[in-house]
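Structure below is final20.cif: mmCIF, C-alpha atoms.
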data_structure
loop_
_atom_site.label_atom_id
_atom_site.label_comp_id
_atom_site.auth_asym_id
_atom_site.auth_seq_id
_atom_site.Cartn_x
_atom_site.Cartn_y
_atom_site.Cartn_z
CA MET A 579 -1.55 -47.28 -5.49
CA THR A 580 -0.69 -45.97 -8.95
CA SER A 581 -3.90 -43.95 -9.04
CA THR A 582 -3.14 -42.40 -5.66
CA THR A 583 0.42 -41.54 -6.73
CA THR A 584 -0.87 -39.94 -9.93
CA MET A 585 -3.42 -37.85 -8.00
CA CYS A 586 -0.72 -36.68 -5.57
CA HIS A 587 1.56 -35.80 -8.49
CA HIS A 588 -1.18 -33.77 -10.15
CA GLY A 589 -1.98 -32.11 -6.81
CA LEU A 590 1.65 -31.04 -6.39
CA MET A 591 1.71 -29.72 -9.95
CA ASN A 592 -1.46 -27.71 -9.31
CA VAL A 593 0.01 -26.23 -6.15
CA ARG A 594 3.22 -25.29 -7.92
CA LEU A 595 1.40 -23.76 -10.87
CA SER A 596 -0.96 -21.81 -8.64
CA ASP A 597 1.95 -20.54 -6.54
CA ILE A 598 3.92 -19.51 -9.60
CA SER A 599 0.93 -17.76 -11.15
CA LEU A 600 0.23 -15.93 -7.89
CA PHE A 601 3.86 -14.82 -7.51
CA VAL A 602 4.03 -13.53 -11.08
CA THR A 603 0.75 -11.67 -10.56
CA LEU A 604 1.96 -10.06 -7.33
CA PHE A 605 5.29 -9.10 -8.92
CA ALA A 606 3.52 -7.65 -11.96
CA LEU A 607 1.23 -5.58 -9.71
CA GLU A 608 4.41 -4.14 -8.19
CA ASN A 609 5.42 -3.16 -11.74
CA PHE A 610 8.15 -5.83 -11.78
CA ALA A 611 10.17 -3.73 -9.30
CA CYS A 612 10.50 -0.95 -11.91
CA LEU A 613 12.34 -3.22 -14.33
CA VAL A 614 9.82 -2.30 -17.04
CA PRO A 615 8.68 1.19 -18.14
CA GLU A 616 5.37 1.50 -16.30
CA ASN A 617 3.76 4.18 -18.47
CA ASP A 618 4.98 2.99 -21.86
CA TYR A 619 2.47 1.34 -24.19
CA ILE A 620 2.95 -2.23 -25.36
CA VAL A 621 0.13 -1.69 -27.85
CA SER A 622 -2.06 1.34 -28.42
CA ILE A 623 -4.29 0.92 -25.33
CA PHE A 624 -2.27 -1.48 -23.17
CA LYS A 625 0.55 -0.22 -20.91
CA TYR A 626 3.20 -2.28 -19.15
CA SER A 627 1.43 -1.39 -15.90
CA ASP A 628 -1.67 -3.13 -17.24
CA ILE A 629 0.10 -6.51 -17.29
CA GLY A 630 -0.46 -6.85 -13.57
CA VAL A 631 -4.07 -5.72 -13.90
CA ALA A 632 -4.75 -8.35 -16.58
CA LEU A 633 -3.03 -11.13 -14.61
CA ALA A 634 -4.88 -10.16 -11.43
CA LEU A 635 -8.18 -10.30 -13.29
CA LEU A 636 -7.41 -13.75 -14.70
CA TRP A 637 -6.24 -15.05 -11.32
CA SER A 638 -9.39 -13.71 -9.68
CA ILE A 639 -11.62 -15.47 -12.22
CA TRP A 640 -9.72 -18.72 -11.62
CA ALA A 641 -10.10 -18.45 -7.83
CA PHE A 642 -13.80 -17.56 -8.01
CA LEU A 643 -14.52 -20.47 -10.38
CA LEU A 644 -12.82 -22.93 -8.04
CA SER A 645 -14.73 -21.61 -5.04
CA ILE A 646 -18.18 -21.98 -6.62
CA GLY A 647 -20.38 -24.15 -4.42
CA HIS A 648 -18.14 -23.84 -1.36
CA ASN A 649 -19.22 -22.12 1.82
CA ILE A 650 -16.31 -19.94 2.92
CA GLY A 651 -18.18 -17.95 5.54
CA LYS A 652 -18.68 -14.21 5.79
CA LEU A 653 -16.05 -12.06 4.10
CA HIS A 654 -15.11 -8.91 5.97
CA PHE A 655 -14.82 -5.50 4.28
CA VAL A 656 -17.70 -6.25 1.90
CA ALA A 657 -19.53 -3.03 2.87
CA PRO A 658 -16.51 -0.77 2.15
CA ALA A 659 -15.97 -2.56 -1.16
CA VAL A 660 -19.59 -2.03 -2.26
CA LEU A 661 -19.43 1.62 -1.21
CA ALA A 662 -16.19 2.03 -3.18
CA VAL A 663 -17.77 0.72 -6.38
CA ILE A 664 -20.82 2.95 -5.95
CA SER A 665 -18.62 5.96 -5.21
CA ILE A 666 -16.38 5.44 -8.26
CA CYS A 667 -19.34 4.95 -10.60
CA CYS A 668 -21.28 7.94 -9.27
CA SER A 669 -18.24 10.24 -9.37
CA SER A 670 -17.60 9.19 -12.97
CA VAL A 671 -21.18 10.11 -13.86
CA SER A 672 -20.71 13.40 -12.00
CA ALA A 673 -17.57 14.10 -14.07
CA TYR A 674 -19.61 13.55 -17.22
CA VAL A 675 -22.39 15.87 -16.04
CA HIS A 676 -20.10 18.70 -14.87
CA LEU A 677 -17.11 18.40 -17.17
CA GLY A 678 -18.22 16.25 -20.09
CA GLN A 679 -15.63 13.58 -19.36
CA PRO A 680 -16.87 10.21 -20.73
CA ILE A 681 -17.92 7.87 -17.92
CA ILE A 682 -15.53 5.11 -18.99
CA GLN A 683 -12.63 7.59 -18.97
CA GLY A 684 -13.50 8.46 -15.38
CA ILE A 685 -13.28 4.80 -14.35
CA LEU A 686 -10.13 3.84 -16.29
CA PRO A 687 -7.65 5.76 -14.07
CA LEU A 688 -8.80 3.62 -11.13
CA ARG A 689 -8.75 0.30 -13.01
CA ARG A 690 -5.72 -0.91 -11.04
CA MET A 691 -7.35 -0.11 -7.69
CA VAL A 692 -10.66 -1.74 -8.70
CA VAL A 693 -9.07 -4.90 -10.10
CA VAL A 694 -6.70 -5.24 -7.13
CA GLY A 695 -9.74 -5.01 -4.86
CA LEU A 696 -11.40 -7.83 -6.79
CA PHE A 697 -8.12 -9.78 -6.75
CA CYS A 698 -7.85 -9.50 -2.97
CA PHE A 699 -11.41 -10.77 -2.48
CA ALA A 700 -10.43 -13.74 -4.64
CA LEU A 701 -7.31 -14.11 -2.52
CA CYS A 702 -9.46 -14.26 0.63
CA ARG A 703 -11.57 -17.00 -0.89
CA ALA A 704 -8.49 -18.94 -2.00
CA LEU A 705 -6.96 -18.69 1.47
CA ARG A 706 -10.13 -19.87 3.18
CA LEU A 707 -10.49 -22.80 0.78
CA GLY A 708 -6.85 -23.80 1.16
CA LEU A 709 -6.05 -23.21 -2.52
CA ILE A 710 -3.02 -21.30 -1.29
CA SER A 711 -1.49 -21.05 2.17
CA ARG A 712 -1.04 -17.90 4.20
CA ASP A 713 2.60 -18.77 4.84
CA ARG A 714 3.33 -19.08 1.13
CA LEU A 715 1.61 -15.80 0.36
CA ILE A 716 3.70 -14.01 2.99
CA THR A 717 6.87 -15.70 1.71
CA MET A 718 6.11 -14.49 -1.82
CA LEU A 719 5.61 -10.95 -0.56
CA TYR A 720 8.93 -11.05 1.29
CA ILE A 721 10.75 -12.33 -1.79
CA ILE A 722 9.37 -9.41 -3.79
CA GLY A 723 10.19 -7.04 -0.92
CA VAL A 724 13.81 -8.18 -0.78
CA ILE A 725 14.12 -7.82 -4.56
CA GLU A 726 12.77 -4.27 -4.34
CA LEU A 727 15.05 -3.26 -1.47
CA ILE A 728 18.13 -4.54 -3.30
CA LEU A 729 17.26 -3.12 -6.72
CA PHE A 730 16.05 0.29 -5.51
CA THR A 731 19.01 0.79 -3.18
CA ALA A 732 21.51 -0.39 -5.78
CA GLN A 733 20.06 1.99 -8.35
CA ALA A 734 20.28 4.91 -5.92
CA ILE A 735 23.94 4.11 -5.27
CA LEU A 736 24.85 3.54 -8.92
CA VAL A 737 23.12 6.62 -10.35
CA GLY A 738 25.52 8.34 -12.73
CA HIS A 739 27.28 5.09 -13.54
CA VAL A 740 24.54 2.75 -14.71
CA THR A 741 20.75 2.93 -14.93
CA PHE A 742 18.95 -0.40 -14.97
CA LEU A 743 15.55 0.62 -13.58
CA LYS A 744 13.00 2.17 -15.89
CA LEU A 745 12.38 5.42 -14.04
CA ASN A 746 13.60 9.00 -13.77
CA THR A 747 16.98 9.27 -12.04
CA ASP A 748 17.52 13.01 -12.57
CA GLU A 749 15.57 14.23 -9.53
CA SER A 750 17.51 15.04 -6.36
CA ARG A 751 16.80 16.31 -2.86
CA PHE A 752 19.18 17.12 0.01
CA GLY A 753 22.11 16.45 -2.31
CA MET A 754 21.00 12.85 -2.97
CA THR A 755 19.25 11.21 -5.88
CA ARG A 756 15.54 10.78 -5.32
CA LEU A 757 13.84 7.75 -6.84
CA ARG A 758 10.06 7.60 -7.01
CA VAL A 759 9.79 3.85 -6.51
CA PRO A 760 6.92 1.86 -4.96
CA TYR A 761 7.75 1.84 -1.27
CA LEU A 762 4.52 0.70 0.39
CA LEU A 763 5.09 -3.07 0.19
CA THR A 764 8.49 -2.85 1.86
CA THR A 765 7.01 -0.48 4.45
CA VAL A 766 4.24 -2.98 5.27
CA LEU A 767 6.69 -5.88 5.48
CA GLY A 768 9.02 -3.78 7.62
CA ILE A 769 6.19 -3.32 10.11
CA PHE A 770 5.51 -7.07 10.07
CA SER A 771 9.21 -7.74 10.62
CA PHE A 772 9.27 -5.35 13.56
CA ARG A 773 6.33 -7.23 15.10
CA THR A 774 8.03 -10.57 14.46
CA VAL A 775 11.29 -9.54 16.13
CA LEU A 776 9.47 -8.30 19.24
CA THR A 777 6.82 -10.96 19.67
CA ASN A 778 8.17 -14.25 18.30
CA SER A 779 10.37 -15.66 21.04
CA ASN A 780 10.89 -18.93 19.11
CA LEU A 781 12.48 -17.17 16.16
CA SER A 782 15.93 -18.44 15.18
CA ARG A 783 18.89 -16.08 15.40
CA SER A 784 19.30 -15.90 11.61
CA ARG A 785 15.62 -15.11 11.04
CA LYS A 786 15.64 -12.49 13.77
CA ILE A 787 18.63 -10.81 12.11
CA PHE A 788 16.88 -10.98 8.73
CA HIS A 789 13.71 -9.33 10.05
CA LEU A 790 15.67 -6.69 11.94
CA ILE A 791 17.67 -5.78 8.83
CA PHE A 792 14.53 -5.75 6.68
CA CYS A 793 12.73 -3.45 9.12
CA ILE A 794 15.59 -0.92 9.29
CA TRP A 795 16.24 -1.11 5.54
CA SER A 796 12.58 -0.41 4.71
CA ILE A 797 12.69 2.78 6.80
CA LEU A 798 15.94 3.88 5.17
CA LEU A 799 14.47 3.23 1.72
CA LEU A 800 11.55 5.55 2.39
CA GLY A 801 13.73 8.17 4.05
CA PHE A 802 16.83 8.29 1.87
CA VAL A 803 15.88 6.76 -1.49
CA VAL A 804 12.23 7.75 -1.95
CA GLN A 805 12.78 10.80 0.30
CA ASN A 806 9.13 11.31 1.19
CA ARG A 807 9.64 13.64 4.12
CA ALA A 808 6.44 13.68 6.16
CA PRO A 809 5.60 9.96 5.53
CA THR A 810 9.06 9.04 6.85
CA LEU A 811 8.47 10.99 10.03
CA ILE A 812 4.97 9.57 10.41
CA LEU A 813 6.35 6.04 9.92
CA ILE A 814 8.94 6.55 12.66
CA ILE A 815 6.23 7.88 14.99
CA SER A 816 4.13 4.78 14.23
CA TYR A 817 7.07 2.57 15.24
CA ILE A 818 7.41 4.45 18.52
CA LEU A 819 3.67 4.11 19.24
CA ALA A 820 3.76 0.40 18.36
CA PHE A 821 6.70 -0.14 20.68
CA LEU A 822 4.93 1.64 23.52
CA ILE A 823 1.76 -0.48 23.22
CA TRP A 824 3.71 -3.72 22.77
CA HIS A 825 3.03 -6.26 25.55
CA GLY A 826 6.72 -6.75 26.29
CA GLY A 827 8.60 -6.82 29.54
CA MET A 828 9.81 -3.58 31.09
CA SER A 829 13.49 -4.50 30.72
CA ASN A 830 13.00 -5.13 26.98
CA LYS A 831 11.15 -1.86 26.63
CA ILE A 832 13.94 0.06 28.34
CA VAL A 833 16.52 -1.41 25.96
CA GLY A 834 14.27 -0.77 22.98
CA ILE A 835 13.51 2.82 23.99
CA THR A 836 17.23 3.47 24.39
CA VAL A 837 17.93 2.15 20.89
CA LEU A 838 15.05 4.19 19.44
CA CYS A 839 16.29 7.35 21.17
CA VAL A 840 19.77 6.86 19.70
CA LEU A 841 18.32 6.32 16.21
CA ILE A 842 16.09 9.38 16.54
CA ALA A 843 19.03 11.47 17.74
CA ILE A 844 21.04 10.42 14.69
CA PHE A 845 18.16 10.90 12.27
CA SER A 846 17.11 14.26 13.74
CA SER A 847 20.42 15.83 12.68
CA THR A 848 19.73 15.18 9.00
CA ASP A 849 18.26 17.68 6.52
CA LEU A 850 15.49 15.17 5.79
CA PHE A 851 14.24 15.24 9.38
CA GLN A 852 14.43 19.01 9.67
CA SER A 853 12.55 19.45 6.40
CA SER A 854 9.91 16.89 7.44
CA LEU A 855 9.37 18.61 10.77
CA GLN A 856 9.10 22.04 9.16
CA GLY A 857 6.56 20.69 6.70
CA LEU A 858 4.36 19.21 9.42
CA MET A 859 4.58 22.44 11.46
CA GLY A 860 3.50 24.57 8.51
CA GLN A 861 6.93 25.91 7.60
CA ASP A 862 8.80 25.48 4.34
CA THR A 863 12.32 26.70 3.66
CA SER A 864 12.59 25.18 0.18
CA ALA A 865 12.76 28.00 -2.32
CA GLN A 866 12.98 25.53 -5.19
CA THR A 867 9.66 23.77 -4.88
CA ALA A 868 7.53 25.69 -2.37
CA THR A 869 5.82 22.34 -1.80
CA LEU A 870 3.83 23.40 1.22
CA THR A 871 2.59 26.61 -0.42
CA ILE A 872 1.43 24.70 -3.50
CA ARG A 873 -0.23 22.06 -1.34
CA GLN A 874 -2.11 24.62 0.77
CA SER A 875 -3.27 26.48 -2.34
CA GLY A 876 -4.38 23.20 -3.87
CA GLN A 877 -6.38 22.26 -0.79
CA MET A 878 -8.21 25.59 -0.78
CA TYR A 879 -8.83 25.20 -4.52
CA TYR A 880 -10.40 21.76 -4.02
CA ILE A 881 -12.61 22.99 -1.17
CA HIS A 882 -13.85 25.89 -3.29
CA LYS A 883 -14.54 23.69 -6.33
CA LEU A 884 -16.30 21.04 -4.25
CA GLN A 885 -19.08 23.47 -3.31
CA ALA A 886 -20.60 23.08 -6.78
CA SER A 887 -20.60 19.25 -6.65
CA PRO A 888 -20.36 18.20 -3.00
CA LEU A 889 -21.97 14.76 -3.03
CA PHE A 890 -20.02 12.90 -5.72
CA GLY A 891 -17.26 15.36 -6.60
CA TYR A 892 -15.78 15.71 -10.08
CA GLY A 893 -14.44 12.23 -10.66
CA VAL A 894 -10.85 11.20 -11.29
CA PRO A 895 -9.47 13.24 -14.20
CA ASN A 896 -8.27 11.18 -17.14
CA GLU A 897 -5.00 12.42 -18.65
CA ASN A 898 -6.53 11.98 -22.10
CA PHE A 899 -9.35 14.45 -21.35
CA PRO A 900 -7.75 17.91 -20.84
CA PRO A 901 -10.89 19.71 -19.55
CA ALA A 902 -10.93 17.38 -16.53
CA THR A 903 -7.22 17.80 -15.75
CA ILE A 904 -7.52 21.57 -16.07
CA ALA A 905 -10.60 21.61 -13.81
CA ALA A 906 -8.59 19.59 -11.26
CA GLY A 907 -5.93 22.30 -11.27
CA GLU A 908 -3.13 20.20 -12.74
CA ASN A 909 -2.09 23.15 -14.92
CA LEU A 910 -1.51 24.99 -11.62
CA HIS A 911 0.57 22.07 -10.31
CA TYR A 912 -2.22 20.86 -8.03
CA PHE A 913 -2.38 17.07 -7.95
CA ALA A 914 -5.00 15.15 -6.00
CA ALA A 915 -2.57 12.38 -5.04
CA ASP A 916 -0.34 14.92 -3.28
CA ASN A 917 -3.18 16.58 -1.38
CA GLY A 918 -4.48 13.66 0.60
CA ILE A 919 -8.02 13.75 1.79
CA PHE A 920 -8.67 17.09 0.06
CA GLY A 921 -7.85 15.82 -3.42
CA PHE A 922 -9.67 12.57 -2.73
CA THR A 923 -12.83 14.39 -1.67
CA TYR A 924 -12.64 16.68 -4.71
CA GLU A 925 -12.69 13.61 -6.93
CA LEU A 926 -15.17 11.35 -5.08
CA GLY A 927 -17.14 13.88 -3.04
CA LEU A 928 -18.64 13.52 0.42
CA PHE A 929 -19.97 10.08 -0.47
CA GLY A 930 -16.41 8.96 -1.21
CA LEU A 931 -15.34 10.45 2.10
CA PHE A 932 -18.08 8.45 3.82
CA TRP A 933 -16.77 5.29 2.14
CA LEU A 934 -13.27 6.06 3.35
CA VAL A 935 -14.48 6.57 6.94
CA VAL A 936 -16.30 3.22 6.83
CA LEU A 937 -13.18 1.50 5.46
CA TYR A 938 -10.79 2.91 8.05
CA THR A 939 -13.24 2.44 10.91
CA SER A 940 -13.73 -1.21 9.99
CA ALA A 941 -9.99 -1.78 9.58
CA MET A 942 -9.14 -0.08 12.88
CA LYS A 943 -11.87 -1.95 14.75
CA ARG A 944 -10.56 -5.31 13.52
CA SER A 945 -6.95 -4.30 14.11
CA ILE A 946 -7.74 -3.41 17.72
CA GLY A 947 -9.57 -6.73 18.09
CA VAL A 948 -6.52 -8.66 16.86
CA PHE A 949 -4.23 -6.67 19.15
CA ARG A 950 -6.41 -7.34 22.19
CA SER A 951 -6.73 -11.05 21.51
CA THR A 952 -3.22 -11.86 20.27
CA GLY A 953 -0.97 -8.92 21.11
CA ASP A 954 -0.24 -8.43 17.39
CA PHE A 955 0.14 -4.67 16.92
CA SER A 956 1.28 -4.70 13.27
CA TYR A 957 -2.14 -4.07 11.70
CA LEU A 958 -2.89 -1.30 14.17
CA GLN A 959 0.50 0.29 13.49
CA TYR A 960 0.03 0.17 9.73
CA PHE A 961 -3.41 1.78 9.73
CA LEU A 962 -2.21 4.46 12.16
CA PHE A 963 0.53 5.18 9.61
CA GLU A 964 -2.06 5.46 6.82
CA ILE A 965 -4.36 7.65 8.89
CA GLY A 966 -1.39 9.90 9.66
CA ASN A 967 -0.81 10.31 5.91
CA LEU A 968 -4.40 11.25 5.07
CA TYR A 969 -3.62 14.95 5.20
CA ILE A 970 -0.71 14.89 2.75
CA GLY A 971 -1.21 11.90 0.48
CA MET A 972 -3.16 8.72 -0.18
CA HIS A 973 -0.60 6.95 -2.31
CA TRP A 974 -2.17 3.52 -1.74
CA PHE A 975 -5.33 4.70 -3.49
CA TYR A 976 -3.64 6.24 -6.51
CA TYR A 977 -0.41 4.28 -6.95
CA TYR A 978 0.11 1.29 -4.64
CA PRO A 979 -3.23 -0.43 -3.89
CA LEU A 980 -1.76 -3.95 -3.59
CA PRO A 981 0.08 -3.63 -0.23
CA PHE A 982 -2.85 -1.85 1.41
CA MET A 983 -5.37 -4.45 0.28
CA VAL A 984 -3.09 -7.39 1.07
CA VAL A 985 -3.02 -6.09 4.65
CA LEU A 986 -6.83 -6.23 4.59
CA VAL A 987 -6.63 -9.82 3.30
CA LEU A 988 -4.23 -10.86 6.08
CA LEU A 989 -6.38 -9.04 8.62
CA ASP A 990 -9.44 -10.91 7.33
CA THR A 991 -7.72 -14.30 7.70
CA GLU A 992 -6.40 -13.24 11.10
CA ARG A 993 -9.88 -12.47 12.31
CA LYS A 994 -11.26 -15.65 10.75
CA SER A 995 -8.61 -17.75 12.49
CA ASN A 996 -9.33 -16.02 15.80
CA ASN A 997 -13.02 -16.82 15.43
CA ASP A 998 -12.07 -20.44 14.82
CA GLY A 999 -10.14 -20.49 18.07
CA LYS A 1000 -6.66 -20.45 16.56
CA ASN A 1001 -4.36 -17.71 15.34
CA LEU A 1002 -2.65 -18.34 12.03
CA CYS A 1003 -0.07 -15.67 12.72
CA VAL A 1004 1.36 -17.07 15.95
CA ASP A 1005 3.28 -19.84 14.24
CA CYS A 1006 4.02 -17.81 11.11
CA ASP A 1007 7.45 -16.22 10.83
CA VAL A 1008 6.11 -13.11 9.18
#
So, in terms of structure tokens, how does the structure I just supplied come out?
Amino acid sequence: MTSTTTMCHHGLMNVRLSDISLFVTLFALENFACLVPENDYIVSIFKYSDIGVALALLWSIWAFLLSIGHNIGKLHFVAPAVLAVISICCSSVSAYVHLGQPIIQGILPLRRMVVVGLFCFALCRALRLGLISRDRLITMLYIIGVIELILFTAQAILVGHVTFLKLNTDESRFGMTRLRVPYLLTTVLGIFSFRTVLTNSNLSRSRKIFHLIFCIWSILLLGFVVQNRAPTLILIISYILAFLIWHGGMSNKIVGITVLCVLIAIFSSTDLFQSSLQGLMGQDTSAQTATLTIRQSGQMYYIHKLQASPLFGYGVPNENFPPATIAAGENLHYFAADNGIFGFTYELGLFGLFWLVVLYTSAMKRSIGVFRSTGDFSYLQYFLFEIGNLYIGMHWFYYYPLPFMVVLVLLDTERKSNNDGKNLCVDCDV
């Protein structure tokens, strides 16, 4: 009896420690909600942003060691992951050949994306082995999401009075302070909340209110705090498409469409909406930034440069190697992260583009499969949102890889549970 009690006690301790370590790792990968200066160095070669990378690497090693000798079945998205590694390595070699940038310097800018990819494979293994539960993972993500919504919104409101986040608060747009904060996790969770409100009929009133508030707040964060114009419009369009494909009753759809129309009517009168629409239609009235003009010039620049190295591109320029940043046009205010698929292809070439097509095709195929079998449209909505942003930006690749890859992890476990004849997400208050 004593032995059994001791084993249970140790088991609970292991669960608690693993949960705490996972939460800290996830929070660190979100840059501690901008509470630390991301680009400042702790020591000569180690930034604050590298804390999350180091923790993710350690957590991944722990999960892989525990899963040795266990058959967890086939992991999805292995092919895109292998192609990604090949693409990054080959483009780094190409940067060395064409620009003289050391190979390791070509890989270092993508260390967060690479390590997060490894971390998410470890997360898949841990979920399948039961080392952590899907519900707890989602709960951790929501805790971080709520923290981010509160902190980012509070900072936007209190600008000029107090600054507690470690970021630039001097930028403004449409007469409001613009904060460049990580928005993708709250956007993903907002989509999940939208799905939960519509599809979970057993949800309690308090939880339904929570998810509804979270969904609306996440949209407002992107629109009025981050102020990314076109992504905000694309996100709203994705919500409309998701609502239209939702397997709900006609009466519910009529009510929902009415609410959406009212919200769109209110939003369409704002400068943000008008500017977003003008940007998507090829117009730009902003004399201050001439964003669209710079973006179009950058895209033509990347296409022209790519002709000399079409297969593997020129690699990701390292800020510590000026010839590469100059070749990428950064001295002309061209930045790959702001030019979507054009900047991406300049850096990784046509092979990288092939990898991206394989990744999105696989994700969309599985998302459609989940939607057909369970009615869950959230994955499909999210990847439609990302596809819509390919033209103007791939922020998940350059800045926020965690939310994107966590969606792949959840999609993997969703598909695995469907294959096992049960859907983990039906009883989960995501």
Selection under test: the PyMOL selection byres ((chain A and resi 818-826) around 10); residues as a ChimeraX atom specification: /A:769,772-773,776-777,812-817,827-831,834-835,838-839,949,952-960,962
Give me, as a tab-separated table, the closest atom pair and its distance (Å, one decimal) for every residue of range 689-768 of chain A within a cut-off of 10 Å of range 655-675 of chain A, counting only C-alpha atoms, rows sorted by chain and rising number.
residue	atom	partner	partner_atom	distance
A:Val692	CA	A:Val663	CA	7.9
A:Gly695	CA	A:Ala659	CA	7.6
A:Leu696	CA	A:Ala659	CA	9.0
A:Phe699	CA	A:Val656	CA	8.9
Could you tell me which residues the PyMOL selection byres ((chain A and resi 983-986) around 10) returns for this structure, as a VMD selection string? chain A and resid 654 to 655 691 694 to 699 701 to 702 715 to 716 719 763 766 to 767 941 944 to 945 956 to 957 960 to 961 974 to 975 978 to 982 987 to 992
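For the atom pair formed by CA of Ile598 in chain A and CA of Met718 in chain A, the distance is 9.5 Å, given to one decimal.
Pairwise distance (CA of Gly753 in chain A, CA of Asn806 in chain A) equals 14.4 Å.
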Neighbours of range 889-899 of chain A within 12 Å (only C-alpha atoms; same-chain residues fewer than 6 positions away dropped), as a PyMOL selection string? chain A and resi 623+662+664-689+880-883+905-909+913-915+920-933+975-976
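For the pair CA of Tyr879 in chain A and CA of Ile919 in chain A, the interatomic distance is 13.1 Å.
For the residues A:Trp640, A:Thr939, A:Ser779, A:Ala734, ranking by smallest atom-to-atom distance to Asp748 in chain A using all atoms listed in the file places A:Ala734 first.
Using only C-alpha atoms, the shortest contact distance between Leu800 in chain A and any of A:Leu727, A:Ile965, A:Val737, A:Ile904 is found at A:Leu727.
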Show me, as a CSV table (one decimal) with C-alpha atoms, keeping the file's coordinate frame, the residues that have an atom within 12 Å of Tyr761 in chain A when counting all atoms listed in the file, minus same-chain residues fewer than 2 positions from it.
chain,number,residue,atom,x,y,z
A,608,GLU,CA,4.4,-4.1,-8.2
A,609,ASN,CA,5.4,-3.2,-11.7
A,611,ALA,CA,10.2,-3.7,-9.3
A,612,CYS,CA,10.5,-1.0,-11.9
A,722,ILE,CA,9.4,-9.4,-3.8
A,723,GLY,CA,10.2,-7.0,-0.9
A,724,VAL,CA,13.8,-8.2,-0.8
A,726,GLU,CA,12.8,-4.3,-4.3
A,727,LEU,CA,15.0,-3.3,-1.5
A,730,PHE,CA,16.0,0.3,-5.5
A,731,THR,CA,19.0,0.8,-3.2
A,757,LEU,CA,13.8,7.8,-6.8
A,758,ARG,CA,10.1,7.6,-7.0
A,759,VAL,CA,9.8,3.8,-6.5
A,763,LEU,CA,5.1,-3.1,0.2
A,764,THR,CA,8.5,-2.8,1.9
A,765,THR,CA,7.0,-0.5,4.4
A,766,VAL,CA,4.2,-3.0,5.3
A,767,LEU,CA,6.7,-5.9,5.5
A,768,GLY,CA,9.0,-3.8,7.6
A,795,TRP,CA,16.2,-1.1,5.5
A,796,SER,CA,12.6,-0.4,4.7
A,797,ILE,CA,12.7,2.8,6.8
A,798,LEU,CA,15.9,3.9,5.2
A,799,LEU,CA,14.5,3.2,1.7
A,800,LEU,CA,11.6,5.6,2.4
A,801,GLY,CA,13.7,8.2,4.0
A,802,PHE,CA,16.8,8.3,1.9
A,803,VAL,CA,15.9,6.8,-1.5
A,804,VAL,CA,12.2,7.8,-2.0
A,805,GLN,CA,12.8,10.8,0.3
A,806,ASN,CA,9.1,11.3,1.2
A,809,PRO,CA,5.6,10.0,5.5
A,810,THR,CA,9.1,9.0,6.8
A,973,HIS,CA,-0.6,7.0,-2.3
A,974,TRP,CA,-2.2,3.5,-1.7
A,977,TYR,CA,-0.4,4.3,-7.0
A,978,TYR,CA,0.1,1.3,-4.6
A,979,PRO,CA,-3.2,-0.4,-3.9
A,980,LEU,CA,-1.8,-4.0,-3.6
A,981,PRO,CA,0.1,-3.6,-0.2
A,982,PHE,CA,-2.8,-1.8,1.4
Supply range 670-679 of chain A as a compact mmCIF listing (two decimals), in the coordinates of the input, with N, CA and C atoms built in where the input has gaps.
# COMPACT_ATOMS: atom_id res chain seq x y z
N SER A 670 -17.85 9.19 -11.53
CA SER A 670 -17.60 9.19 -12.97
C SER A 670 -18.77 9.80 -13.73
N VAL A 671 -19.98 9.49 -13.27
CA VAL A 671 -21.18 10.11 -13.86
C VAL A 671 -21.17 11.61 -13.58
N SER A 672 -20.78 11.99 -12.37
CA SER A 672 -20.71 13.40 -12.00
C SER A 672 -19.70 14.15 -12.88
N ALA A 673 -18.57 13.49 -13.19
CA ALA A 673 -17.57 14.10 -14.07
C ALA A 673 -18.14 14.32 -15.47
N TYR A 674 -18.96 13.41 -15.90
CA TYR A 674 -19.61 13.55 -17.22
C TYR A 674 -20.59 14.71 -17.21
N VAL A 675 -21.37 14.81 -16.13
CA VAL A 675 -22.39 15.87 -16.04
C VAL A 675 -21.74 17.25 -15.95
N HIS A 676 -20.69 17.38 -15.11
CA HIS A 676 -20.10 18.70 -14.87
C HIS A 676 -19.01 19.08 -15.86
N LEU A 677 -18.27 18.09 -16.35
CA LEU A 677 -17.11 18.40 -17.17
C LEU A 677 -17.17 17.80 -18.58
N GLY A 678 -18.12 16.89 -18.80
CA GLY A 678 -18.22 16.25 -20.09
C GLY A 678 -17.26 15.08 -20.28
N GLN A 679 -16.55 14.70 -19.23
CA GLN A 679 -15.63 13.58 -19.36
C GLN A 679 -16.42 12.28 -19.51
